[in-house]
Amino acid sequence: MAEHADPHRAAIAPHAEETLMPCTTLLVGRAASADGSPIIARTEDSSNGNFDPKRVVVVHPEDQPRTYTSVIGRRTIELPGDPLRYTSIPNALPDEGIWGCAGINAANVAMSATETLTTNARVLGADPLVEHIPGSGTGGEADHRPEQAGGFGEEDFVTLVLPYIRSAREGVERLGALLAEHGTYEMNGIAFSDAQDAWWLETVGGHHWIAKRVPEDHYVTMPNQLGIDFFDLEDAEGEGRDHLASPDLREFLETHHLDLTLRAGAGAGFSAVAGTDQAADTTADATGTTSTVGRTFNPREAFGSHSDHDHVYNTPRAWSMQRMLNPTSEDWDGPGRHSNPDSDDLPWSRRPERRLTVEDVKDVLSSHYQGTVFDPYSPRGTDAERRAFRPIGINRHNALAILQVRPDRPEASRGLQWVCFASNPFNTLIPMFTNVGEAPAYLSTTTARVDTDSFYWTSRLIATLADAHFSEVIPEIEKYQLATQALGRAAVHAADQEVGSAGGGMADGDGSGAGKAPADSDVSARLAATNTRIAEQIREQTDTLLASVLHTTSNLMTNRFSRSDG
């Protein structure tokens with residue numbers, strides 16, 4: 001995600017001018033997940049030195065704005081009049097906009113936005129980002145320059161897209177249309193899913209975009225680097241089964257010489273597309289003119305980057321995720337092209353060695369290079385090695401949302417949003433059914449005030465206390481994580497058993513409750529009660545852990561002294 005301000009820090013440069021890149025995304029196709037549901041998950045992280053308190057809310061149709069103005073881009077848009085109800089994880093303080101983060105709507109479509117992405121000068125020169133330019137001078141005078149609105153970005157996307165879509169594919173298409181019309185001030189990746197598919201969209205410059213369906217038996221690893229490494233342009237221009245893109249993408253590639261694929265039989269080289277007959281990979285238009293852009297190309301080479309920054313900030317995270325999920329598929333410490341943390345050739349997606357669970361996703365998005373010399377908490381390696389790479393599990397997580405739309409459950413109870421706050425190595429997940437009228441207070445009442453009635457603040461306090469004494473407190477934290485995740489699993493299973501087949505039809509219809517069968521209202525009420533019950537159970541466990549970590553770390557203070565009075 002791009003950076004934004006925190007009430008507990010000094011003022012920083014305007015959001016759109018910042019270039020630091022947090023967030024990590026993991027996507028799982030339905031055939032690669034344990035329960036057959038596509039999974040989209042992302043950590044929302046702040047920039048170095050900053051923290052943004054978050055909360056979980058349910059936005060009802062009557063609360064959705066009809067006219068929307070972004071804080072960062074200063075751009076105003078009229079929104080459709082028929083929004084769906086949806087969940088969201090906005091900033092607790094709205095001084096820099098909503099920043100909805102992730103959610104699931106009443107049609108059981110999930111969205112996570114965004115993963116800030118790298119790019120290159122060729123792309124930015126061809127399609128510049130649409131940044132807000134403040135007005136200057138006096139109206140009517142020669143030096144007057146009117147204000148120019150910026151495009152939309154992470155602050156806005158969930159609010160502008162999620163309430164208006166009824167499939168993951170529709171999410172791609174709506175966001176693509178908004179990008180084409182209004183532009184964006186940053187390069188981003190956005191995930192969508194429904195009960196069948198997960199899609200990943202990457203913005204390209206100010207107005208262009210590409211999107212790819214996650215292969216059903218694969219997972220996708222996304223640090224802050226443009227990731228798609230194979231794209232079928234012919235599919236995007238035709239059926240669009242697995243690929244979608246800006247309508248003029250071929251012309252854009254050709255005009256600006258962005259496709260770097262070696263063709264005409266050149267089977268080796270920096271950007272050769274594996275498995276492609278490159279001599280035959282050309283396309284003729286309706287007049288018979290042959291395009292220099294082939295049927296397939298590598299977007300990572302065309303639109304992305306391979307910088308020194310990537311090799312310490314981005315590629316090591318992809319390496320770590322794939323090392324965890326395919327431990328025996330590569331010699332991860334050997335000389336192979338996929339074996340090193342600075343590899344530029346790690347695949348965008350790959351087939352895992354077994355089916356993946358929500359707990360696997362949480363572990364991967366909490367990781368800090370365990371089992372390697374790069375683990376900042378390990379005695380292995382040198383100080384330089386332990387600080388060499390940006391870990392996934394970092395101090396400045398704002399939130400983690402793991403989103404599932406479960407095809408084996410009734411429509412009314414399909415949507416499940418697992419949420420945790422603050423630094424992932426030290427926190428736990430709370431599951432929340434999304435076909436409800438409001439979120440539990442423990443998740444929704446975050447404010448600027450540090451308060452243990454808030455899951456966000458309690459999680460952040462635990463992480464801050466535990467970090468300096470990792471080896472002394474991590475056994476207790478791991479027991480807490482196991483116990484609370486088991487509580488969450490049990491609560492979800494019990495609710496599924498209770499709901500049974502009572503929730504037919506679309507979850508809560510249009511989100512307003514109008515014309516809804518009483519049984520569906522009952523399902524929503526039961527799910528809301530389950531959400532509150534499990535949140536309170538985990539709150540009790542979290543308070544107990546905080547007391548334990550406080551006691552342990554108090555006894556490890558620098559000014560301790562072993563002799564007591566008397």
# chains A, B, ... in the order shown; residues from 1 in each chain; ligands from 1
$ select_by_dssp --residues "stretch 219-380 of chain A" --states "helix (DSSP H, G or I)" --output "short mmCIF file (atom, residue, chain, number, x, y, z; two decimals) with N, CA and C atoms, in the first residue's frame"
data_model
loop_
_atom_site.label_atom_id
_atom_site.label_comp_id
_atom_site.auth_asym_id
_atom_site.auth_seq_id
_atom_site.Cartn_x
_atom_site.Cartn_y
_atom_site.Cartn_z
N LEU A 233 -2.17 -12.03 -24.58
CA LEU A 233 -2.86 -10.84 -25.08
C LEU A 233 -4.02 -11.22 -26.00
N GLU A 234 -3.86 -12.33 -26.71
CA GLU A 234 -4.93 -12.78 -27.59
C GLU A 234 -6.18 -13.17 -26.79
N ASP A 235 -5.99 -13.81 -25.64
CA ASP A 235 -7.10 -14.15 -24.76
C ASP A 235 -7.76 -12.88 -24.24
N ALA A 236 -6.94 -11.91 -23.83
CA ALA A 236 -7.49 -10.65 -23.30
C ALA A 236 -8.29 -9.90 -24.35
N GLU A 237 -7.88 -9.98 -25.60
CA GLU A 237 -8.58 -9.29 -26.68
C GLU A 237 -9.78 -10.09 -27.18
N LEU A 249 -4.27 -2.05 -25.07
CA LEU A 249 -2.98 -2.47 -24.53
C LEU A 249 -1.98 -2.82 -25.63
N ARG A 250 -2.43 -3.52 -26.68
CA ARG A 250 -1.50 -3.89 -27.76
C ARG A 250 -0.90 -2.63 -28.41
N GLU A 251 -1.77 -1.66 -28.69
CA GLU A 251 -1.28 -0.41 -29.29
C GLU A 251 -0.32 0.31 -28.34
N PHE A 252 -0.64 0.29 -27.05
CA PHE A 252 0.22 0.92 -26.04
C PHE A 252 1.59 0.25 -26.02
N LEU A 253 1.62 -1.06 -26.04
CA LEU A 253 2.88 -1.80 -26.05
C LEU A 253 3.69 -1.49 -27.30
N GLU A 254 3.02 -1.46 -28.42
CA GLU A 254 3.72 -1.28 -29.69
C GLU A 254 4.22 0.15 -29.87
N THR A 255 3.38 1.11 -29.55
CA THR A 255 3.76 2.51 -29.74
C THR A 255 4.99 2.87 -28.92
N PRO A 299 4.76 -9.34 -18.75
CA PRO A 299 4.52 -8.01 -18.19
C PRO A 299 5.56 -7.58 -17.16
N ARG A 300 6.14 -8.55 -16.46
CA ARG A 300 7.14 -8.17 -15.45
C ARG A 300 8.32 -7.48 -16.11
N GLU A 301 8.70 -7.94 -17.31
CA GLU A 301 9.78 -7.29 -18.04
C GLU A 301 9.32 -5.99 -18.68
N ALA A 302 8.11 -5.98 -19.20
CA ALA A 302 7.61 -4.80 -19.91
C ALA A 302 7.31 -3.65 -18.96
N PHE A 303 6.66 -3.95 -17.84
CA PHE A 303 6.11 -2.90 -16.98
C PHE A 303 6.79 -2.80 -15.61
N ASP A 308 18.09 -2.64 -7.37
CA ASP A 308 18.72 -3.02 -6.11
C ASP A 308 17.71 -2.95 -4.97
N HIS A 309 16.81 -1.98 -5.05
CA HIS A 309 15.75 -1.87 -4.05
C HIS A 309 14.91 -3.14 -4.02
N ASP A 310 14.53 -3.64 -5.19
CA ASP A 310 13.74 -4.88 -5.26
C ASP A 310 14.46 -6.03 -4.57
N HIS A 311 15.78 -6.09 -4.71
CA HIS A 311 16.54 -7.24 -4.23
C HIS A 311 16.75 -7.25 -2.73
N VAL A 312 16.43 -6.18 -2.05
CA VAL A 312 16.45 -6.21 -0.59
C VAL A 312 15.06 -6.05 0.01
N TYR A 313 14.12 -5.51 -0.77
CA TYR A 313 12.79 -5.20 -0.23
C TYR A 313 11.72 -6.14 -0.75
N THR A 315 12.00 -9.05 -3.76
CA THR A 315 12.23 -10.44 -4.14
C THR A 315 12.49 -11.36 -2.95
N PRO A 316 13.15 -10.92 -1.87
CA PRO A 316 13.33 -11.84 -0.74
C PRO A 316 12.02 -12.32 -0.13
N ARG A 317 10.98 -11.49 -0.18
CA ARG A 317 9.69 -11.92 0.38
C ARG A 317 9.04 -12.99 -0.50
N ALA A 318 9.10 -12.82 -1.82
CA ALA A 318 8.58 -13.86 -2.71
C ALA A 318 9.35 -15.16 -2.50
N TRP A 319 10.65 -15.07 -2.39
CA TRP A 319 11.51 -16.23 -2.12
C TRP A 319 11.11 -16.91 -0.83
N SER A 320 10.87 -16.14 0.22
CA SER A 320 10.50 -16.70 1.52
C SER A 320 9.15 -17.40 1.45
N MET A 321 8.16 -16.78 0.78
CA MET A 321 6.83 -17.38 0.69
C MET A 321 6.88 -18.70 -0.07
N GLN A 322 7.57 -18.71 -1.20
CA GLN A 322 7.63 -19.93 -2.00
C GLN A 322 8.48 -21.00 -1.33
N ARG A 323 9.48 -20.60 -0.59
CA ARG A 323 10.28 -21.54 0.20
C ARG A 323 9.42 -22.24 1.23
N MET A 324 8.48 -21.51 1.84
CA MET A 324 7.60 -22.10 2.86
C MET A 324 6.55 -23.03 2.25
N LEU A 325 6.02 -22.66 1.10
CA LEU A 325 4.91 -23.41 0.51
C LEU A 325 5.37 -24.52 -0.43
N VAL A 358 -6.14 -21.56 5.82
CA VAL A 358 -6.08 -20.19 6.33
C VAL A 358 -4.88 -20.04 7.27
N GLU A 359 -4.64 -21.07 8.08
CA GLU A 359 -3.50 -21.01 9.01
C GLU A 359 -2.17 -20.94 8.25
N ASP A 360 -2.07 -21.66 7.13
CA ASP A 360 -0.86 -21.56 6.31
C ASP A 360 -0.67 -20.13 5.81
N VAL A 361 -1.75 -19.53 5.34
CA VAL A 361 -1.68 -18.16 4.84
C VAL A 361 -1.22 -17.21 5.95
N LYS A 362 -1.78 -17.38 7.14
CA LYS A 362 -1.37 -16.54 8.27
C LYS A 362 0.11 -16.74 8.59
N ASP A 363 0.57 -17.98 8.60
CA ASP A 363 1.98 -18.24 8.89
C ASP A 363 2.89 -17.58 7.86
N VAL A 364 2.54 -17.72 6.59
CA VAL A 364 3.37 -17.13 5.54
C VAL A 364 3.42 -15.62 5.67
#
$ residues_around --residues "stretch 112-116 of chain A" --least-positions-apart "4" --cutoff "7 Å" --atoms "only C-alpha atoms" --output "list of chain:residue names"
A:Met1, A:Ala2, A:Met21, A:Cys23, A:Thr24, A:Thr25, A:Arg42, A:Cys101, A:Ala102, A:Gly103, A:Glu154, A:Phe157, A:Val158, A:Met187, A:Asn188, A:Gly189, A:Ile190, A:Ala191, A:Phe192, A:Asn224
$ write_last_selection --atoms "N, CA, C and O atoms" --output "PDB file, in the first residue's frame"
ATOM      1  N   MET A   1       0.834  -1.186   0.000  1.00  0.00           N
ATOM      2  CA  MET A   1       0.000   0.000   0.000  1.00  0.00           C
ATOM      3  C   MET A   1       0.865   1.231   0.000  1.00  0.00           C
ATOM      4  O   MET A   1       1.972   1.228   0.511  1.00  0.00           O
ATOM      5  N   ALA A   2       0.392   2.331  -0.524  1.00  0.00           N
ATOM      6  CA  ALA A   2       1.115   3.581  -0.466  1.00  0.00           C
ATOM      7  C   ALA A   2       0.988   4.172   0.935  1.00  0.00           C
ATOM      8  O   ALA A   2       0.113   3.825   1.699  1.00  0.00           O
ATOM      9  N   MET A  21       7.273   1.349  -0.061  1.00  0.00           N
ATOM     10  CA  MET A  21       6.231   0.411  -0.459  1.00  0.00           C
ATOM     11  C   MET A  21       6.032  -0.693   0.562  1.00  0.00           C
ATOM     12  O   MET A  21       6.834  -1.610   0.634  1.00  0.00           O
ATOM     13  N   CYS A  23       3.184  -3.699   2.361  1.00  0.00           N
ATOM     14  CA  CYS A  23       2.173  -4.702   2.007  1.00  0.00           C
ATOM     15  C   CYS A  23       2.760  -5.953   1.349  1.00  0.00           C
ATOM     16  O   CYS A  23       3.741  -5.883   0.626  1.00  0.00           O
ATOM     17  N   THR A  24       2.103  -7.075   1.622  1.00  0.00           N
ATOM     18  CA  THR A  24       2.435  -8.359   1.005  1.00  0.00           C
ATOM     19  C   THR A  24       1.123  -9.091   0.744  1.00  0.00           C
ATOM     20  O   THR A  24       0.243  -9.113   1.602  1.00  0.00           O
ATOM     21  N   THR A  25       0.995  -9.710  -0.430  1.00  0.00           N
ATOM     22  CA  THR A  25      -0.238 -10.390  -0.833  1.00  0.00           C
ATOM     23  C   THR A  25       0.038 -11.855  -1.123  1.00  0.00           C
ATOM     24  O   THR A  25       1.071 -12.203  -1.703  1.00  0.00           O
ATOM     25  N   ARG A  42      -3.954 -10.198   2.294  1.00  0.00           N
ATOM     26  CA  ARG A  42      -2.963  -9.126   2.160  1.00  0.00           C
ATOM     27  C   ARG A  42      -2.731  -8.462   3.509  1.00  0.00           C
ATOM     28  O   ARG A  42      -3.667  -8.224   4.278  1.00  0.00           O
ATOM     29  N   CYS A 101      -9.283  -1.024   2.583  1.00  0.00           N
ATOM     30  CA  CYS A 101      -8.406  -2.171   2.804  1.00  0.00           C
ATOM     31  C   CYS A 101      -8.930  -3.461   2.181  1.00  0.00           C
ATOM     32  O   CYS A 101      -8.355  -3.957   1.210  1.00  0.00           O
ATOM     33  N   ALA A 102     -10.009  -4.007   2.724  1.00  0.00           N
ATOM     34  CA  ALA A 102     -10.501  -5.303   2.244  1.00  0.00           C
ATOM     35  C   ALA A 102     -11.901  -5.538   2.766  1.00  0.00           C
ATOM     36  O   ALA A 102     -12.272  -5.028   3.825  1.00  0.00           O
ATOM     37  N   GLY A 103     -12.669  -6.347   2.024  1.00  0.00           N
ATOM     38  CA  GLY A 103     -14.009  -6.666   2.491  1.00  0.00           C
ATOM     39  C   GLY A 103     -14.714  -7.622   1.556  1.00  0.00           C
ATOM     40  O   GLY A 103     -14.192  -8.014   0.502  1.00  0.00           O
ATOM     41  N   GLU A 154      -5.326   3.811  -3.614  1.00  0.00           N
ATOM     42  CA  GLU A 154      -5.659   2.869  -2.540  1.00  0.00           C
ATOM     43  C   GLU A 154      -6.674   3.427  -1.557  1.00  0.00           C
ATOM     44  O   GLU A 154      -7.527   2.705  -1.048  1.00  0.00           O
ATOM     45  N   PHE A 157     -10.264   2.772  -3.667  1.00  0.00           N
ATOM     46  CA  PHE A 157     -10.712   1.692  -4.542  1.00  0.00           C
ATOM     47  C   PHE A 157     -11.808   0.811  -3.935  1.00  0.00           C
ATOM     48  O   PHE A 157     -12.770   0.455  -4.620  1.00  0.00           O
ATOM     49  N   VAL A 158     -11.667   0.411  -2.676  1.00  0.00           N
ATOM     50  CA  VAL A 158     -12.692  -0.457  -2.082  1.00  0.00           C
ATOM     51  C   VAL A 158     -14.046   0.254  -2.089  1.00  0.00           C
ATOM     52  O   VAL A 158     -15.081  -0.328  -2.441  1.00  0.00           O
ATOM     53  N   MET A 187       1.123   3.028  -8.857  1.00  0.00           N
ATOM     54  CA  MET A 187       1.015   1.674  -9.414  1.00  0.00           C
ATOM     55  C   MET A 187       0.545   0.742  -8.303  1.00  0.00           C
ATOM     56  O   MET A 187       1.109   0.728  -7.206  1.00  0.00           O
ATOM     57  N   ASN A 188      -0.476  -0.068  -8.596  1.00  0.00           N
ATOM     58  CA  ASN A 188      -1.064  -0.924  -7.580  1.00  0.00           C
ATOM     59  C   ASN A 188      -1.475  -2.273  -8.129  1.00  0.00           C
ATOM     60  O   ASN A 188      -1.760  -2.418  -9.325  1.00  0.00           O
ATOM     61  N   GLY A 189      -1.572  -3.257  -7.227  1.00  0.00           N
ATOM     62  CA  GLY A 189      -2.186  -4.539  -7.509  1.00  0.00           C
ATOM     63  C   GLY A 189      -3.414  -4.711  -6.646  1.00  0.00           C
ATOM     64  O   GLY A 189      -3.403  -4.341  -5.459  1.00  0.00           O
ATOM     65  N   ILE A 190      -4.476  -5.267  -7.207  1.00  0.00           N
ATOM     66  CA  ILE A 190      -5.762  -5.405  -6.508  1.00  0.00           C
ATOM     67  C   ILE A 190      -6.276  -6.821  -6.735  1.00  0.00           C
ATOM     68  O   ILE A 190      -6.247  -7.327  -7.860  1.00  0.00           O
ATOM     69  N   ALA A 191      -6.792  -7.450  -5.680  1.00  0.00           N
ATOM     70  CA  ALA A 191      -7.307  -8.814  -5.760  1.00  0.00           C
ATOM     71  C   ALA A 191      -8.821  -8.824  -5.629  1.00  0.00           C
ATOM     72  O   ALA A 191      -9.395  -8.069  -4.834  1.00  0.00           O
ATOM     73  N   PHE A 192      -9.457  -9.720  -6.392  1.00  0.00           N
ATOM     74  CA  PHE A 192     -10.895  -9.968  -6.307  1.00  0.00           C
ATOM     75  C   PHE A 192     -11.120 -11.474  -6.243  1.00  0.00           C
ATOM     76  O   PHE A 192     -10.369 -12.249  -6.842  1.00  0.00           O
ATOM     77  N   ASN A 224       5.988  -6.082  -3.154  1.00  0.00           N
ATOM     78  CA  ASN A 224       5.669  -4.807  -3.812  1.00  0.00           C
ATOM     79  C   ASN A 224       6.397  -4.666  -5.140  1.00  0.00           C
ATOM     80  O   ASN A 224       7.117  -3.709  -5.381  1.00  0.00           O
TER      81      ASN A 224
END
$ atom_distance --atom1 "atom CA of A:Thr458" --atom2 "atom CA of A:Glu472"
19.3 Å
$ closest_residue --among "A:Tyr68, A:Trp199, A:Trp332, A:Tyr442" --to "A:Tyr219" --atoms "only C-alpha atoms"
A:Trp199
$ residues_around --residues "A:Leu550" --least-positions-apart "5" --cutoff "9 Å" --atoms "only C-alpha atoms" --output "list in words"
Ile462, Leu465, Ala466, Leu545 and Asn555 of chain A
$ write_last_selection --atoms "all heavy atoms" --output "PDB file, in the first residue's frame"
ATOM      1  N   ILE A 462       0.993  -5.839  22.736  1.00  0.00           N
ATOM      2  CA  ILE A 462       1.648  -7.132  22.911  1.00  0.00           C
ATOM      3  C   ILE A 462       2.881  -7.222  22.025  1.00  0.00           C
ATOM      4  O   ILE A 462       3.972  -7.621  22.476  1.00  0.00           O
ATOM      5  CB  ILE A 462       0.668  -8.274  22.601  1.00  0.00           C
ATOM      6  CG1 ILE A 462      -0.403  -8.368  23.690  1.00  0.00           C
ATOM      7  CG2 ILE A 462       1.407  -9.611  22.465  1.00  0.00           C
ATOM      8  CD1 ILE A 462      -1.558  -9.284  23.337  1.00  0.00           C
ATOM      9  N   LEU A 465       5.802  -4.945  23.317  1.00  0.00           N
ATOM     10  CA  LEU A 465       6.436  -5.492  24.518  1.00  0.00           C
ATOM     11  C   LEU A 465       7.261  -6.734  24.204  1.00  0.00           C
ATOM     12  O   LEU A 465       8.350  -6.936  24.756  1.00  0.00           O
ATOM     13  CB  LEU A 465       5.368  -5.834  25.554  1.00  0.00           C
ATOM     14  CG  LEU A 465       4.645  -4.666  26.223  1.00  0.00           C
ATOM     15  CD1 LEU A 465       3.432  -5.168  26.995  1.00  0.00           C
ATOM     16  CD2 LEU A 465       5.596  -3.913  27.159  1.00  0.00           C
ATOM     17  N   ALA A 466       6.748  -7.567  23.301  1.00  0.00           N
ATOM     18  CA  ALA A 466       7.368  -8.871  23.051  1.00  0.00           C
ATOM     19  C   ALA A 466       8.620  -8.782  22.195  1.00  0.00           C
ATOM     20  O   ALA A 466       9.525  -9.609  22.338  1.00  0.00           O
ATOM     21  CB  ALA A 466       6.353  -9.790  22.378  1.00  0.00           C
ATOM     22  N   LEU A 545      -2.971 -12.892  27.624  1.00  0.00           N
ATOM     23  CA  LEU A 545      -1.632 -12.868  27.047  1.00  0.00           C
ATOM     24  C   LEU A 545      -0.938 -11.548  27.333  1.00  0.00           C
ATOM     25  O   LEU A 545       0.253 -11.523  27.673  1.00  0.00           O
ATOM     26  CB  LEU A 545      -1.704 -13.097  25.540  1.00  0.00           C
ATOM     27  CG  LEU A 545      -0.359 -13.003  24.816  1.00  0.00           C
ATOM     28  CD1 LEU A 545       0.573 -14.137  25.235  1.00  0.00           C
ATOM     29  CD2 LEU A 545      -0.549 -13.001  23.292  1.00  0.00           C
ATOM     30  N   ASN A 555      10.010  -8.048  34.168  1.00  0.00           N
ATOM     31  CA  ASN A 555      11.105  -8.686  34.895  1.00  0.00           C
ATOM     32  C   ASN A 555      12.410  -8.694  34.120  1.00  0.00           C
ATOM     33  O   ASN A 555      13.450  -9.090  34.651  1.00  0.00           O
ATOM     34  CB  ASN A 555      10.725 -10.123  35.263  1.00  0.00           C
ATOM     35  CG  ASN A 555       9.859 -10.182  36.497  1.00  0.00           C
ATOM     36  OD1 ASN A 555      10.119  -9.505  37.487  1.00  0.00           O
ATOM     37  ND2 ASN A 555       8.798 -10.977  36.441  1.00  0.00           N
TER      38      ASN A 555
END
$ residues_around --residues "A:Leu482" --least-positions-apart "2" --cutoff "12 Å" --atoms "only C-alpha atoms" --output "PyMOL selection string"
chain A and resi 359+362-363+426-429+475-480+484-489+538+541
$ residues_around --residues "A:Cys420" --least-positions-apart "4" --cutoff "9 Å" --atoms "only C-alpha atoms" --output "list in words"
Asn398, Ala399, Leu400, Ala401, Asn424, Asn427, Thr428, Leu429, Ile430, Phe455, Tyr456 and Ser459 of chain A
$ closest_atom_pairs --of "stretch 180-240 of chain A" --to "stretch 365-380 of chain A" --cutoff "12 Å" --atoms "only C-alpha atoms" --output "Markdown table"
| residue | atom | partner | partner_atom | distance |
| --- | --- | --- | --- | --- |
| A:Thr221 | CA | A:Leu365 | CA | 10.3 |
| A:Met222 | CA | A:Leu365 | CA | 10.9 |
| A:Pro223 | CA | A:Leu365 | CA | 10.7 |
$ atom_distance --atom1 "atom CA of A:Ala149" --atom2 "atom CA of A:Asn50"
26.2 Å
$ select_by_dssp --residues "stretch 19-229 of chain A" --states "strand (DSSP E or B)" --output "PyMOL selection string"
chain A and resi 24-28+33+39-45+54+57-59+67-69+76-78+86-88+91+102-105+110-116+133+136+145+148+152+184+188-193+198-204+208-213+219-222
$ closest_residue --among "A:Pro38, A:Gly227, A:Pro391, A:Gly334" --to "A:Asn108" --atoms "only C-alpha atoms"
A:Pro38
$ closest_residue --among "A:Asp194, A:Glu186, A:Glu202, A:Asp95" --to "A:Phe231" --atoms "only C-alpha atoms"
A:Glu202
$ closest_residue --among "A:Gly29, A:Gly151, A:Gly125, A:Pro425" --to "A:Ile77" --atoms "only C-alpha atoms"
A:Gly151
